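S.K.: One file is attached below, query-v7.txt, containing compact mmCIF, C-alpha atoms.
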# COMPACT_ATOMS: atom_id res chain seq x y z
CA MET C 1 -20.32 17.34 28.88
CA THR C 2 -19.70 21.08 29.19
CA GLN C 3 -19.20 23.38 26.22
CA THR C 4 -15.47 23.62 27.02
CA ASP C 5 -15.12 19.83 27.11
CA ALA C 6 -16.96 19.52 23.79
CA THR C 7 -14.67 22.13 22.22
CA ASP C 8 -11.54 20.39 23.53
CA LYS C 9 -12.79 17.03 22.22
CA ALA C 10 -13.53 18.54 18.80
CA THR C 11 -10.04 20.05 18.75
CA LEU C 12 -8.42 16.68 19.48
CA ILE C 13 -10.50 15.09 16.74
CA GLY C 14 -9.35 17.82 14.34
CA LEU C 15 -5.71 17.18 15.27
CA LEU C 16 -6.04 13.59 14.00
CA ALA C 17 -6.47 15.05 10.51
CA VAL C 18 -2.91 16.41 10.57
CA LEU C 19 -1.53 12.93 11.29
CA CYS C 20 -3.69 11.36 8.56
CA TRP C 21 -2.72 13.94 5.95
CA SER C 22 0.96 13.38 6.66
CA CYS C 23 0.66 9.97 4.96
CA THR C 24 -1.66 10.81 2.06
CA ILE C 25 0.82 12.26 -0.48
CA GLY C 26 3.08 9.20 -0.33
CA LEU C 27 0.13 6.80 -0.50
CA MET C 28 -1.51 8.76 -3.34
CA ARG C 29 1.64 8.33 -5.41
CA ALA C 30 1.95 4.66 -4.46
CA VAL C 31 -1.64 4.05 -5.62
CA ALA C 32 -1.27 6.09 -8.83
CA GLU C 33 1.74 4.11 -10.07
CA PRO C 34 -0.12 0.78 -10.61
CA LEU C 35 -3.63 2.18 -11.17
CA GLY C 36 -2.93 5.37 -13.14
CA ALA C 37 -3.25 9.05 -12.21
CA VAL C 38 -7.01 9.37 -12.81
CA GLY C 39 -8.02 5.74 -12.22
CA GLY C 40 -6.01 5.54 -9.01
CA ALA C 41 -7.54 8.76 -7.72
CA ALA C 42 -11.05 7.54 -8.60
CA ALA C 43 -10.47 4.24 -6.78
CA LEU C 44 -8.99 6.08 -3.80
CA TYR C 45 -11.95 8.41 -3.30
CA THR C 46 -14.41 5.58 -3.89
CA THR C 47 -12.71 3.70 -1.05
CA ALA C 48 -12.77 6.84 1.09
CA ALA C 49 -16.49 7.36 0.44
CA ILE C 50 -17.25 3.76 1.44
CA CYS C 51 -15.16 4.13 4.61
CA ILE C 52 -17.04 7.29 5.59
CA ALA C 53 -20.42 5.65 4.93
CA VAL C 54 -19.52 2.61 7.04
CA ALA C 55 -17.97 4.66 9.86
CA ARG C 56 -20.84 7.14 10.18
CA GLY C 57 -23.60 4.60 9.63
CA ARG C 58 -27.17 5.76 10.06
CA LYS C 59 -26.09 9.10 11.51
CA GLY C 60 -24.33 9.95 8.26
CA TRP C 61 -27.33 8.96 6.14
CA ARG C 62 -29.65 11.04 8.32
CA GLU C 63 -27.40 14.05 7.88
CA VAL C 64 -27.23 13.61 4.11
CA ALA C 65 -31.04 13.39 4.05
CA ARG C 66 -31.11 16.88 5.59
CA TRP C 67 -29.23 18.41 2.67
CA ARG C 68 -32.05 20.89 2.05
CA GLU C 69 -31.34 22.42 5.47
CA MET C 70 -27.72 23.13 4.58
CA HIS C 71 -26.76 26.64 3.52
CA PRO C 72 -26.48 26.77 -0.30
CA VAL C 73 -22.99 28.24 -0.05
CA TYR C 74 -21.87 25.28 2.04
CA LEU C 75 -23.65 22.58 0.06
CA TRP C 76 -22.90 23.79 -3.45
CA GLY C 77 -20.07 26.30 -3.09
CA CYS C 78 -17.96 24.28 -0.65
CA GLY C 79 -18.94 21.06 -2.41
CA VAL C 80 -17.63 22.26 -5.76
CA LEU C 81 -14.45 23.67 -4.19
CA PHE C 82 -13.83 20.39 -2.37
CA VAL C 83 -14.27 18.30 -5.52
CA ILE C 84 -12.02 20.52 -7.65
CA TYR C 85 -9.37 20.61 -4.91
CA GLU C 86 -9.29 16.84 -4.54
CA VAL C 87 -9.19 16.26 -8.29
CA CYS C 88 -6.33 18.76 -8.70
CA LEU C 89 -4.25 17.35 -5.84
CA SER C 90 -4.68 13.65 -6.52
CA VAL C 91 -4.22 13.90 -10.29
CA ALA C 92 -1.21 16.23 -9.87
CA VAL C 93 0.49 13.69 -7.62
CA GLY C 94 -0.30 10.94 -10.12
CA LEU C 95 0.99 12.97 -13.09
CA ALA C 96 4.35 13.69 -11.44
CA ASP C 97 7.24 12.45 -13.57
CA ASP C 98 8.79 10.61 -10.63
CA ARG C 99 8.49 10.19 -6.88
CA SER C 100 10.75 13.14 -6.11
CA GLN C 101 8.49 15.41 -8.14
CA ALA C 102 5.45 13.99 -6.31
CA MET C 103 7.05 15.11 -3.03
CA GLU C 104 7.60 18.59 -4.46
CA ILE C 105 3.91 18.75 -5.40
CA GLY C 106 3.08 17.79 -1.83
CA VAL C 107 5.06 20.77 -0.52
CA ILE C 108 3.24 23.11 -2.92
CA ASN C 109 -0.09 21.81 -1.61
CA TYR C 110 0.94 22.53 1.98
CA LEU C 111 1.26 26.23 1.32
CA TRP C 112 -2.45 26.28 2.27
CA PRO C 113 -2.00 26.98 6.02
CA SER C 114 -0.26 30.31 5.41
CA LEU C 115 -2.51 31.11 2.45
CA THR C 116 -5.57 30.46 4.65
CA ILE C 117 -4.48 33.19 7.05
CA ALA C 118 -3.56 35.58 4.23
CA LEU C 119 -6.95 35.06 2.61
CA ALA C 120 -8.75 35.55 5.93
CA VAL C 121 -6.94 38.86 6.41
CA LEU C 122 -7.72 40.03 2.88
CA CYS C 123 -11.39 39.10 3.40
CA ARG C 124 -11.42 41.03 6.70
CA GLN C 125 -12.21 37.89 8.69
CA GLN C 126 -8.94 38.00 10.63
CA LEU C 127 -6.69 40.70 12.10
CA ALA C 128 -2.93 40.33 11.79
CA ARG C 129 0.32 42.15 12.47
CA TRP C 130 2.57 43.38 9.69
CA TRP C 131 4.92 40.38 9.91
CA LEU C 132 2.24 38.21 8.30
CA TRP C 133 3.56 39.24 4.90
CA PRO C 134 7.27 38.49 5.61
CA GLY C 135 6.08 35.10 6.89
CA LEU C 136 4.29 34.48 3.60
CA LEU C 137 7.43 35.49 1.67
CA ILE C 138 9.47 33.00 3.71
CA CYS C 139 6.99 30.29 2.68
CA LEU C 140 7.45 31.22 -0.97
CA TRP C 141 11.23 31.30 -0.51
CA GLY C 142 11.06 27.79 0.94
CA LEU C 143 9.02 26.62 -2.03
CA ALA C 144 11.61 28.13 -4.36
CA ARG C 145 14.32 26.15 -2.55
CA VAL C 146 12.29 22.96 -2.99
CA LEU C 147 11.73 23.49 -6.70
CA GLY C 148 14.98 25.23 -7.62
CA GLY C 149 17.46 22.88 -5.95
CA ASP C 150 20.99 23.90 -5.03
CA SER C 151 21.51 26.03 -8.16
CA PHE C 152 18.55 28.31 -7.50
CA SER C 153 17.67 31.02 -10.01
CA LEU C 154 14.42 32.24 -11.50
CA PRO C 155 15.20 30.79 -14.97
CA THR C 156 16.08 27.44 -13.37
CA LEU C 157 12.88 27.51 -11.33
CA TRP C 158 10.75 28.33 -14.37
CA THR C 159 12.41 25.61 -16.45
CA HIS C 160 11.75 23.10 -13.68
CA VAL C 161 8.05 23.96 -13.54
CA GLN C 162 7.79 23.97 -17.34
CA GLY C 163 9.00 20.37 -17.33
CA ASN C 164 5.54 19.30 -16.10
CA PRO C 165 3.31 22.40 -16.21
CA LEU C 166 0.00 20.50 -15.82
CA ALA C 167 1.02 18.76 -12.59
CA TYR C 168 2.55 21.89 -11.04
CA GLY C 169 -0.34 24.06 -12.19
CA MET C 170 -2.88 21.75 -10.57
CA ALA C 171 -0.80 21.67 -7.37
CA PHE C 172 -0.76 25.48 -7.15
CA ALA C 173 -4.51 25.56 -7.83
CA ALA C 174 -5.05 23.08 -4.99
CA ALA C 175 -3.02 25.25 -2.61
CA LEU C 176 -5.37 28.16 -3.33
CA LEU C 177 -8.63 26.18 -3.31
CA TRP C 178 -8.34 24.59 0.14
CA PRO C 179 -8.03 27.90 2.07
CA THR C 180 -11.15 29.15 0.28
CA TYR C 181 -13.00 25.97 1.17
CA SER C 182 -11.95 26.08 4.84
CA LEU C 183 -13.06 29.68 5.36
CA LEU C 184 -16.43 29.15 3.67
CA ALA C 185 -17.05 25.84 5.50
CA ARG C 186 -16.41 27.47 8.87
CA ARG C 187 -18.70 30.41 8.07
CA TYR C 188 -21.60 28.56 6.42
CA GLY C 189 -21.27 24.97 7.67
CA ALA C 190 -23.61 25.55 10.64
CA GLY C 191 -22.59 22.28 12.26
CA PHE C 192 -23.27 20.08 9.23
CA ASN C 193 -20.64 17.61 8.03
CA ALA C 194 -21.17 16.87 4.34
CA VAL C 195 -17.68 15.51 3.70
CA GLY C 196 -19.09 12.08 2.82
CA LEU C 197 -21.25 13.71 0.15
CA PHE C 198 -18.31 15.75 -1.13
CA VAL C 199 -15.98 12.75 -1.29
CA THR C 200 -18.63 10.74 -3.16
CA GLY C 201 -18.97 13.61 -5.64
CA THR C 202 -15.19 13.62 -6.11
CA ALA C 203 -15.19 9.89 -6.88
CA LEU C 204 -17.99 10.28 -9.43
CA VAL C 205 -16.22 13.14 -11.23
CA LEU C 206 -12.98 11.16 -11.39
CA TRP C 207 -14.69 8.02 -12.73
CA LEU C 208 -16.45 10.08 -15.40
CA GLN C 209 -13.09 11.55 -16.39
CA TRP C 210 -11.50 8.08 -16.45
CA PHE C 211 -14.21 6.67 -18.74
CA ARG C 212 -13.76 9.65 -21.06
CA LEU C 213 -10.05 8.98 -21.55
CA ASP C 214 -9.32 7.70 -25.04
CA ALA C 215 -6.43 5.55 -23.87
CA ALA C 216 -6.90 4.97 -20.17
CA PRO C 217 -3.95 2.99 -18.74
CA VAL C 218 -4.73 -0.55 -17.64
CA MET C 219 -5.02 -0.85 -13.87
CA GLN C 220 -2.43 -3.30 -12.59
CA TRP C 221 -4.10 -4.80 -9.53
CA SER C 222 -2.15 -6.72 -6.90
CA TRP C 223 -2.38 -7.39 -3.17
CA PRO C 224 0.13 -4.63 -2.30
CA ALA C 225 -1.77 -2.18 -4.54
CA GLY C 226 -5.06 -3.14 -2.87
CA ALA C 227 -3.57 -2.71 0.61
CA GLN C 228 -2.14 0.71 -0.26
CA LEU C 229 -5.46 1.74 -1.78
CA PHE C 230 -7.35 0.77 1.37
CA MET C 231 -4.87 2.63 3.60
CA ALA C 232 -4.99 5.73 1.43
CA GLY C 233 -8.79 5.71 1.27
CA ALA C 234 -9.23 5.10 4.99
CA LEU C 235 -6.76 7.83 5.99
CA THR C 236 -8.34 10.27 3.50
CA ALA C 237 -11.79 9.57 4.91
CA LEU C 238 -10.63 9.88 8.51
CA GLY C 239 -8.59 13.01 7.85
CA TYR C 240 -11.29 15.04 6.14
CA SER C 241 -14.03 13.91 8.53
CA CYS C 242 -11.91 14.90 11.52
CA TRP C 243 -10.88 18.23 9.98
CA GLU C 244 -14.48 19.17 9.11
CA HIS C 245 -15.59 18.46 12.69
CA GLY C 246 -12.59 20.28 14.15
CA ILE C 247 -12.85 23.52 12.17
CA GLN C 248 -16.57 23.85 12.92
CA HIS C 249 -16.57 22.93 16.63
CA GLY C 250 -12.97 23.08 17.88
CA LYS C 251 -10.31 25.70 18.54
CA LEU C 252 -9.29 26.96 15.12
CA ALA C 253 -6.07 28.58 16.42
CA VAL C 254 -4.81 25.26 17.82
CA LEU C 255 -5.72 23.39 14.65
CA ALA C 256 -4.06 26.03 12.50
CA ALA C 257 -0.85 25.88 14.55
CA ALA C 258 -0.73 22.07 14.31
CA SER C 259 -1.43 22.10 10.57
CA TYR C 260 1.70 24.21 9.97
CA PHE C 261 3.85 21.20 10.80
CA THR C 262 2.14 19.14 8.09
CA PRO C 263 4.77 19.93 5.41
CA VAL C 264 7.55 18.45 7.57
CA LEU C 265 5.53 15.41 8.62
CA SER C 266 4.26 14.84 5.07
CA ALA C 267 7.76 15.09 3.57
CA LEU C 268 9.15 12.65 6.15
CA MET C 269 6.34 10.13 5.62
CA ALA C 270 6.47 10.44 1.82
CA SER C 271 10.23 9.91 1.92
CA LEU C 272 9.75 6.71 3.92
CA LEU C 273 6.77 5.39 1.95
CA LEU C 274 8.25 6.16 -1.48
CA GLN C 275 11.83 5.30 -0.49
CA VAL C 276 13.16 8.60 -1.79
CA LEU C 277 15.86 10.68 -0.09
CA PRO C 278 15.65 14.28 -1.39
CA GLY C 279 18.60 16.64 -1.34
CA TRP C 280 19.52 19.19 1.31
CA SER C 281 17.80 22.04 -0.55
CA PHE C 282 14.49 20.17 -0.39
CA TRP C 283 14.61 19.83 3.39
CA GLN C 284 15.72 23.46 3.73
CA GLY C 285 12.68 24.48 1.73
CA VAL C 286 10.31 22.32 3.81
CA VAL C 287 11.62 23.89 7.02
CA LEU C 288 11.27 27.39 5.55
CA VAL C 289 7.66 26.69 4.51
CA THR C 290 6.90 25.52 8.05
CA LEU C 291 8.73 28.47 9.64
CA GLY C 292 6.93 30.98 7.43
CA SER C 293 3.57 29.40 8.25
CA LEU C 294 4.30 29.64 11.99
CA ILE C 295 5.22 33.33 11.59
CA CYS C 296 1.90 33.90 9.83
CA TRP C 297 0.09 32.20 12.71
CA TRP C 298 2.05 34.25 15.27
CA ALA C 299 1.01 37.43 13.44
CA THR C 300 -2.63 36.58 14.08
CA ARG C 301 -2.14 35.32 17.64
CA SER C 302 -0.63 38.64 18.72
CA GLN C 303 -3.96 40.40 18.13
Write out the structure in this file as structure tokens.
M.R.:
Amino acid sequence: MTQTDATDKATLIGLLAVLCWSCTIGLMRAVAEPLGAVGGAAALYTTAAICIAVARGRKGWREVARWREMHPVYLWGCGVLFVIYEVCLSVAVGLADDRSQAMEIGVINYLWPSLTIALAVLCRQQLARWWLWPGLLICLWGLARVLGGDSFSLPTLWTHVQGNPLAYGMAFAAALLWPTYSLLARRYGAGFNAVGLFVTGTALVLWLQWFRLDAAPVMQWSWPAGAQLFMAGALTALGYSCWEHGIQHGKLAVLAAASYFTPVLSALMASLLLQVLPGWSFWQGVVLVTLGSLICWWATRSQ
């Protein structure tokens, strides 16, 4: 296989992540409802860690055994960022007051494609044209439409966020953490794929948090809950494994362009999985977030 063929294959593998992530927000919420925000997230990432271990087999164990060869920034820096990101996102979705709010949190999370480019430009890792910043403003305008509804105003928007500040705060933190992780993983990953290790660390942190809760909600297990948990864990494992391989070995520009459609796909899938039909302002906001992200990508492609 030539270098070009290997790059194209890695890019296709990375594109699978976009399809997997489109289902995760809806499934995260579906798992959190019977199992709790923290307990459901812990069970989800435990399932994902097991799926990764089974899928990668001996190759995965051999790679984990080489952890001393990994760059410290990748092993520890990216590892910590990954764990905090996953905890913030999964718990935020679980803490949402209702399913509609969980979909809003999903849109906040998918600001990361445009924020990745903005951060790369600020860190002098990427050149961009001036319309990068209008594109970012369009993304923020779209988010305001999602959160503000039809009667949009800054006081209304602030009141909406104040209704559940912990969930929204964790969602905004997640949107900032994933761009940082992606840029550092591409720079210091050196071909290693430690996602299995990172996912296992996430599960351990969440279980520790769950055991520390004074009044942890009782997990209400059932066959539908178990099936949703397995689907969520498997798609999470597949998505992050594919993305890690894609950003290190594939065409980052193609992956970035595809990832900008994730807000639309995620909103559609969450609407179907959670049986929620948001208002017109929500869909306007999702389209604006996607449009702004594409403008940001176009600003870098023109260089």
S.K.: Between C:Ser281, C:Gln248, C:Thr156, C:Thr200, which one has atoms that come closest to C:Ala42, using only C-alpha atoms?
M.R.: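 For C:Ala42, the nearest of the given residues is C:Thr200.
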S.K.: Do you have the atom CA of C:Tyr74-atom CA of C:Tyr188 distance handy?
M.R.: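 Going from atom CA of C:Tyr74 over to atom CA of C:Tyr188, I get 5.5 Å.
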S.K.: Given only C-alpha atoms as the basis, pick out the residue of C:Gly196, C:Gly201, C:Gly77, C:Gly106 nearest to C:Thr24.
M.R.: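 That would be C:Gly106, the residue with the smallest distance to C:Thr24.
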S.K.: So which residues fall inside 12 Å of (-23.4, 19.3, 6.3) if we count only C-alpha atoms? Mind giving them as a ChimeraX atom specification?
M.R.: /C:59-76,78-79,185-186,188-198,241,244-245,248
S.K.: What does the structure give for the distance between atom CA of C:Phe211 and atom CA of C:Val80, in Å to one decimal?
M.R.: 20.6 Å
S.K.: Considering only C-alpha atoms, state which residue in the set C:Leu140, C:Ile105, C:Val38, C:Ala48 is at the smallest distance from C:Leu235.
M.R.: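 For C:Leu235, the nearest of the given residues is C:Ala48.
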S.K.: Of the candidates C:Val161, C:Ile247, C:Leu81, C:Val264, which shows the shortest atom-to-atom distance to C:Thr202, using all atoms listed in the file?
M.R.: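 Closest to C:Thr202 of all the choices is C:Leu81.
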S.K.: Would you please work out which residue, of C:Met231, C:Ile13, C:Ala175, C:Leu166, is nearest to C:Cys51 when using all atoms listed in the file?
M.R.: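 Among C:Met231, C:Ile13, C:Ala175, C:Leu166, it is C:Met231 that comes nearest to C:Cys51.
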S.K.: With a distance cut-off of 12 Å and all atoms listed in the file, select the neighbouring residues of C:Gln275, excluding the residue or stretch itself and same-chain residues fewer than 3 positions from it, and output the selection as a PyMOL selection string.
M.R.: chain C and resi 26-27+29-30+98-100+103+267-272+278
S.K.: Have a look at C:Gly250, C:Gly285, C:Pro155, C:Gly279 and name the one nearest to C:Asp8; count only C-alpha atoms.
M.R.: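 The shortest atom-to-atom distance to C:Asp8 comes from C:Gly250.
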S.K.: Hey, what's within 6 Å of stretch 83-93 of chain C if we count all atoms listed in the file and toss same-chain stuff fewer than 4 positions away? As a ChimeraX atom specification, please?
M.R.: /C:29,37-38,41,102,167,170-171,174,177,202
